[in-house]
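Chemist: Got a structure here, written out as structure tokens. Questions coming.
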Amino acid sequence: MSFSVEVLAGIAIELQSGIGHQDRFQRLISTLRHVLDCDASALLRYEGRQFIPLAIDGLAQDVLGRRFTLEGHPRLETIARAGDVVRFPADSDLPDPYDGLIPGQESLKVHACIGLPLFAGQHLIGALTLDGMSPDQFDTFSDEELRLIAALAAGALNNALLIEQLESQNSLPASPTAFEQVAHTEMIGLSPGIMQLKKEIEIVAASDLNVLIEGETGTGKELVAKSIHEASPRGVNPLVYLNCAALPESVAESELFGHVKGAFTGAISNRSGKFEMADNGTLFLDEIGELSLALQAKLLRVLQYGDIQRVGDDRSLRVDVRVLAATNRDLREEVLAGNFRADLFHRLSVFPLSVPALRERGEDVVLLAGFFCEQCRLRMGLSRVVLSPGARTHLMSYGWPGNVRELEHAIHRAVVLARAARSGDEVVIHARHFSLHDESTPATMSEMPEPQVTNRNLRDATEDFQRQMISRALEQNSRSWAASARALETDVANLHRLAKRLGLKP
């Protein structure tokens, strides 16, 4: 069997049809899977020494969330270095990145596998991967035919990447190095809410507007701030971070604006504040709702006039800083309650962004789970970490009050538990490895990983466990200490004292 002119023409026409890139690429690999009669196909984008799945067919949904580094996947590294069609021996010793990720196939020990690197000029921009369960599944197709498919796919991907750059209002380099292999902050997800957020980030990043990022605890507000900064003209300059909730009132002003020697006890030298450090760059103020009213007034002045005064100094310094602020509070309610200045709120929220809660993001839960599984695989030196169908269903049915942060912790804990239950370096996560609980119920001891007691004393292990319990309770209760104390069935004053002793708060 070989490709007919009609088949090739049909693929070319589909790739040029005026539909979204995602739909176009999905149709491409679905068509290839049908024409080649293969069991799985994938289109991957290459960026920052890793392959990013753009469209898949015949693979588990969480593959779309995984990021395949060259260092962690020798087959993909072989494809990246090849420059031409790669036909892997059916019994190749190189582990397959999709092992355990083709539904109905427990193992890919012996199978047919082809990799097609995709180029723009001399620059690698992606790859097509084709897998078949029969060792001789692709023997009837010549390298020339496969090169034609690669050329069509590469042209479509190249156009899509160029259009993406134009749409994001970034200027295009004149040379073929348009696709520098630099990894940028990435938000995993394809749900309508997250796609809308990505569009809004692209729009506001090109401007110099202040941005207020709103969302529940654990949704990824810091990730949004990093994305805005990196995509902005200020991206080559510093992004400076400050958590306002972790600032003791006595040093908050110095942290923001700096101080001069002798300004107060302990000021033994001049010190730059966060605004000076972020000059010509971006300052990210996390938990902005925790700032005192006095500091809010001083922050407003900087935003209005662009000058700061170090503590103990009469002189003013000019700074050019873009401010991104984040909060898990409803600042409109805080304004009405008199806890937040209305003028500062309006100055910060010129372009507000809302980060959707994980429970509103549908199948993004599975994509993110795949992303964290791959992280765990690399970190723990495992050959594979996959989710069983039951585990995916379990993840989708839970409400995730702690959002993406809670999901990340749950995946890491499940990998530890699943690994402990079987020998070897292949981990399959089942629903039983997630001791998920109702949102109203605090974490119990059975839900925590067993403490590692090797070379550790009982006191250290106990304190580690207490830190985990308190941190989890705070995540599930929007950082409310009173609510966390109720969930843990302890007195709030005692909880504050314990948290201080454990280093969880200043």
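How things are named: the first chain in the structure tokens is A, the next is B, and so on; residues count from 1 in each chain; ligands count from 1 in the order shown.
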Using only C-alpha atoms, which protein or nucleic acid residues come within 12 Å of Arg379 in chain A? Drop anything in the same chain fewer than 4 positions from it, and give the result as JSON, numbers by chain.
Modeler: {"A": [72, 372, 373, 374, 375, 383, 384, 385, 412, 415, 416]}
Chemist: Quick one: DSSP strand (DSSP E) residues in range 304-431 of chain A, as an mmCIF file with N, CA and C atoms, in the first residue's frame?
Modeler:
data_model
loop_
_atom_site.group_PDB
_atom_site.id
_atom_site.type_symbol
_atom_site.label_atom_id
_atom_site.label_comp_id
_atom_site.auth_asym_id
_atom_site.auth_seq_id
_atom_site.Cartn_x
_atom_site.Cartn_y
_atom_site.Cartn_z
ATOM 1 N N ASP A 307 7.787 57.905 41.811
ATOM 2 C CA ASP A 307 8.968 58.137 42.642
ATOM 3 C C ASP A 307 8.788 57.482 44.006
ATOM 4 N N ILE A 308 9.919 57.105 44.611
ATOM 5 C CA ILE A 308 9.903 56.445 45.916
ATOM 6 C C ILE A 308 10.864 57.169 46.855
ATOM 7 N N LEU A 317 13.558 59.035 44.594
ATOM 8 C CA LEU A 317 14.179 58.314 43.487
ATOM 9 C C LEU A 317 13.116 58.000 42.440
ATOM 10 N N ARG A 318 13.437 58.223 41.176
ATOM 11 C CA ARG A 318 12.514 57.895 40.096
ATOM 12 C C ARG A 318 12.673 56.420 39.730
ATOM 13 N N ARG A 322 6.509 48.322 36.314
ATOM 14 C CA ARG A 322 5.145 47.851 36.064
ATOM 15 C C ARG A 322 4.742 46.967 37.231
ATOM 16 N N VAL A 323 3.546 47.203 37.770
ATOM 17 C CA VAL A 323 3.082 46.451 38.931
ATOM 18 C C VAL A 323 2.013 45.445 38.514
ATOM 19 N N LEU A 324 2.261 44.181 38.855
ATOM 20 C CA LEU A 324 1.258 43.127 38.739
ATOM 21 C C LEU A 324 0.905 42.714 40.161
ATOM 22 N N ALA A 325 -0.373 42.696 40.476
ATOM 23 C CA ALA A 325 -0.805 42.359 41.833
ATOM 24 C C ALA A 325 -1.736 41.159 41.786
ATOM 25 N N ALA A 326 -1.708 40.351 42.828
ATOM 26 C CA ALA A 326 -2.562 39.167 42.885
ATOM 27 C C ALA A 326 -3.262 39.102 44.235
ATOM 28 N N THR A 327 -4.456 38.529 44.243
ATOM 29 C CA THR A 327 -5.200 38.387 45.486
ATOM 30 C C THR A 327 -6.178 37.226 45.382
ATOM 31 N N PHE A 351 -6.654 46.513 34.215
ATOM 32 C CA PHE A 351 -6.914 45.344 33.377
ATOM 33 C C PHE A 351 -6.976 44.123 34.296
ATOM 34 N N PRO A 352 -8.132 43.819 34.884
ATOM 35 C CA PRO A 352 -8.214 42.670 35.799
ATOM 36 C C PRO A 352 -8.236 41.350 35.038
ATOM 37 N N LEU A 353 -7.584 40.359 35.606
ATOM 38 C CA LEU A 353 -7.614 39.005 35.056
ATOM 39 C C LEU A 353 -8.139 38.056 36.125
ATOM 40 N N SER A 354 -9.001 37.149 35.727
ATOM 41 C CA SER A 354 -9.548 36.171 36.664
ATOM 42 C C SER A 354 -9.052 34.784 36.281
ATOM 43 N N ARG A 384 8.551 4.980 33.745
ATOM 44 C CA ARG A 384 7.240 5.500 33.337
ATOM 45 C C ARG A 384 6.348 5.717 34.550
ATOM 46 N N VAL A 385 5.469 6.707 34.437
ATOM 47 C CA VAL A 385 4.429 6.979 35.436
ATOM 48 C C VAL A 385 3.151 7.245 34.662
ATOM 49 N N VAL A 386 2.184 6.344 34.791
ATOM 50 C CA VAL A 386 0.940 6.491 34.025
ATOM 51 C C VAL A 386 -0.264 6.416 34.957
ATOM 52 N N LEU A 387 -1.361 6.992 34.487
ATOM 53 C CA LEU A 387 -2.621 6.984 35.228
ATOM 54 C C LEU A 387 -3.529 5.894 34.671
ATOM 55 N N GLU A 426 8.574 1.151 37.086
ATOM 56 C CA GLU A 426 7.365 1.462 36.325
ATOM 57 C C GLU A 426 6.206 1.621 37.300
ATOM 58 N N VAL A 427 5.586 2.794 37.268
ATOM 59 C CA VAL A 427 4.524 3.116 38.233
ATOM 60 C C VAL A 427 3.211 3.323 37.513
ATOM 61 N N VAL A 428 2.181 2.627 37.972
ATOM 62 C CA VAL A 428 0.819 2.841 37.483
ATOM 63 C C VAL A 428 -0.015 3.335 38.659
ATOM 64 N N ILE A 429 -0.578 4.521 38.510
ATOM 65 C CA ILE A 429 -1.382 5.116 39.585
ATOM 66 C C ILE A 429 -2.834 4.690 39.423
#
Chemist: Applying 12 Å and only C-alpha atoms, which residues near Glu463 in chain A remain after dropping the ones on its own chain fewer than 2 positions away? List them as a ChimeraX atom specification.
Modeler: /A:451,456-461,465-470,498-504
Chemist: Name all residues at most 9 Å from Thr129 in chain A (count only C-alpha atoms; drop same-chain ones fewer than 2 positions away) and give them as a PyMOL selection string.
Modeler: chain A and resi 40-44+113-117+127+131
Chemist: Those residues with N, CA and C atoms, as a PDB file, in the first residue's frame please?
Modeler:
ATOM      1  N   ALA A  40      -1.584   4.682  17.087  1.00  0.00           N
ATOM      2  CA  ALA A  40      -1.466   5.968  17.779  1.00  0.00           C
ATOM      3  C   ALA A  40      -0.627   6.916  16.936  1.00  0.00           C
ATOM      4  N   SER A  41      -1.020   8.184  16.941  1.00  0.00           N
ATOM      5  CA  SER A  41      -0.246   9.204  16.223  1.00  0.00           C
ATOM      6  C   SER A  41      -0.255  10.481  17.049  1.00  0.00           C
ATOM      7  N   ALA A  42       0.802  11.265  16.887  1.00  0.00           N
ATOM      8  CA  ALA A  42       0.907  12.511  17.665  1.00  0.00           C
ATOM      9  C   ALA A  42       1.701  13.552  16.888  1.00  0.00           C
ATOM     10  N   LEU A  43       1.271  14.794  17.013  1.00  0.00           N
ATOM     11  CA  LEU A  43       2.021  15.926  16.485  1.00  0.00           C
ATOM     12  C   LEU A  43       2.589  16.689  17.668  1.00  0.00           C
ATOM     13  N   LEU A  44       3.901  16.887  17.656  1.00  0.00           N
ATOM     14  CA  LEU A  44       4.598  17.519  18.769  1.00  0.00           C
ATOM     15  C   LEU A  44       5.303  18.781  18.293  1.00  0.00           C
ATOM     16  N   CYS A 113       7.436   1.667  15.262  1.00  0.00           N
ATOM     17  CA  CYS A 113       7.482   3.075  15.678  1.00  0.00           C
ATOM     18  C   CYS A 113       8.274   3.885  14.657  1.00  0.00           C
ATOM     19  N   ILE A 114       7.660   4.983  14.201  1.00  0.00           N
ATOM     20  CA  ILE A 114       8.309   5.882  13.245  1.00  0.00           C
ATOM     21  C   ILE A 114       8.296   7.292  13.806  1.00  0.00           C
ATOM     22  N   GLY A 115       9.385   8.006  13.639  1.00  0.00           N
ATOM     23  CA  GLY A 115       9.473   9.412  14.020  1.00  0.00           C
ATOM     24  C   GLY A 115       9.824  10.257  12.814  1.00  0.00           C
ATOM     25  N   LEU A 116       9.082  11.336  12.602  1.00  0.00           N
ATOM     26  CA  LEU A 116       9.341  12.250  11.486  1.00  0.00           C
ATOM     27  C   LEU A 116       9.668  13.629  12.053  1.00  0.00           C
ATOM     28  N   PRO A 117      10.936  14.050  12.041  1.00  0.00           N
ATOM     29  CA  PRO A 117      11.262  15.404  12.511  1.00  0.00           C
ATOM     30  C   PRO A 117      10.722  16.437  11.527  1.00  0.00           C
ATOM     31  N   ALA A 127       7.737  17.355  15.587  1.00  0.00           N
ATOM     32  CA  ALA A 127       7.876  15.965  15.150  1.00  0.00           C
ATOM     33  C   ALA A 127       6.504  15.325  15.025  1.00  0.00           C
ATOM     34  N   ASP A 131       2.827   5.058  15.887  1.00  0.00           N
ATOM     35  CA  ASP A 131       3.041   3.794  16.578  1.00  0.00           C
ATOM     36  C   ASP A 131       2.022   2.759  16.122  1.00  0.00           C
TER      37      ASP A 131
END
Chemist: Might you pull out every residue within 9 Å of Ala153 in chain A, with only C-alpha atoms counted and same-chain residues fewer than 3 positions away left off, and present them as an NGL selection string?
Modeler: :A and (11-12 or 15 or 25 or 28 or 43 or 118 or 127-128 or 148-150 or 156-158)
Chemist: Set the distance at 12 Å and use only C-alpha atoms: which residues neighbour Pro192 in chain A once local chain neighbours fewer than 3 positions away are removed? I'd like the list as a list in words.
Modeler: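 Everything that qualifies: Gly189, Met195, Gln196, Leu197, Lys198, Lys199, Val355, Pro356, Glu360, Arg361, Gly362, Glu363 and Asp364 of chain A.
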Chemist: What's the 7 Å shell around Ile52 in chain A, counting only C-alpha atoms, without same-chain residues fewer than 3 positions away, as a list in words?
Modeler: Leu44, Arg45, Tyr46, Arg67 and Phe68 of chain A
Chemist: Just write the chosen residues, C-alpha atoms, as an mmCIF file, in the first residue's frame.
Modeler:
data_model
loop_
_atom_site.group_PDB
_atom_site.id
_atom_site.type_symbol
_atom_site.label_atom_id
_atom_site.label_comp_id
_atom_site.auth_asym_id
_atom_site.auth_seq_id
_atom_site.Cartn_x
_atom_site.Cartn_y
_atom_site.Cartn_z
ATOM 1 C CA LEU A 44 4.598 17.519 18.769
ATOM 2 C CA ARG A 45 6.032 21.026 18.880
ATOM 3 C CA TYR A 46 9.722 21.441 19.748
ATOM 4 C CA ARG A 67 6.155 17.689 28.325
ATOM 5 C CA PHE A 68 8.772 15.341 26.907
#
Chemist: If you run DSSP on the backbone here, which positions in range 32-178 of chain A get helix (DSSP H, G or I)? Please write them as a ChimeraX atom specification.
Modeler: /A:32-36,61-65,74-82,143-167,176-178
Chemist: CA of Ser478 in chain A and CA of Arg329 in chain A are how many Å apart?
Modeler: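 These atoms are spaced 8.9 Å apart.
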Chemist: Restricting the calculation to only C-alpha atoms: of A:Ser471, A:Asn210, A:Gln304, A:Gln296, which residue gets closest to Ala342 in chain A?
Modeler: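 When distances to Ala342 in chain A are compared using only C-alpha atoms, the smallest one comes from A:Gln296.
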Chemist: Between A:Ala60, A:Leu247, A:Leu212, A:Leu367, which one has atoms that come closest to His346 in chain A, using only C-alpha atoms?
Modeler: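 Once distances to His346 in chain A are computed over only C-alpha atoms, the minimum belongs to A:Leu212.
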Chemist: Which is closest to Gln50 in chain A among A:Ala205, A:Val404, A:Ile125, A:Val492, if we use only C-alpha atoms?
Modeler: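 Distance minimum relative to Gln50 in chain A lands on A:Ile125.
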Chemist: Which value, in Å to one decimal, gives the distance between CA of Val35 in chain A and CA of Leu76 in chain A?
Modeler: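 Going from CA of Val35 in chain A over to CA of Leu76 in chain A, I get 23.1 Å.
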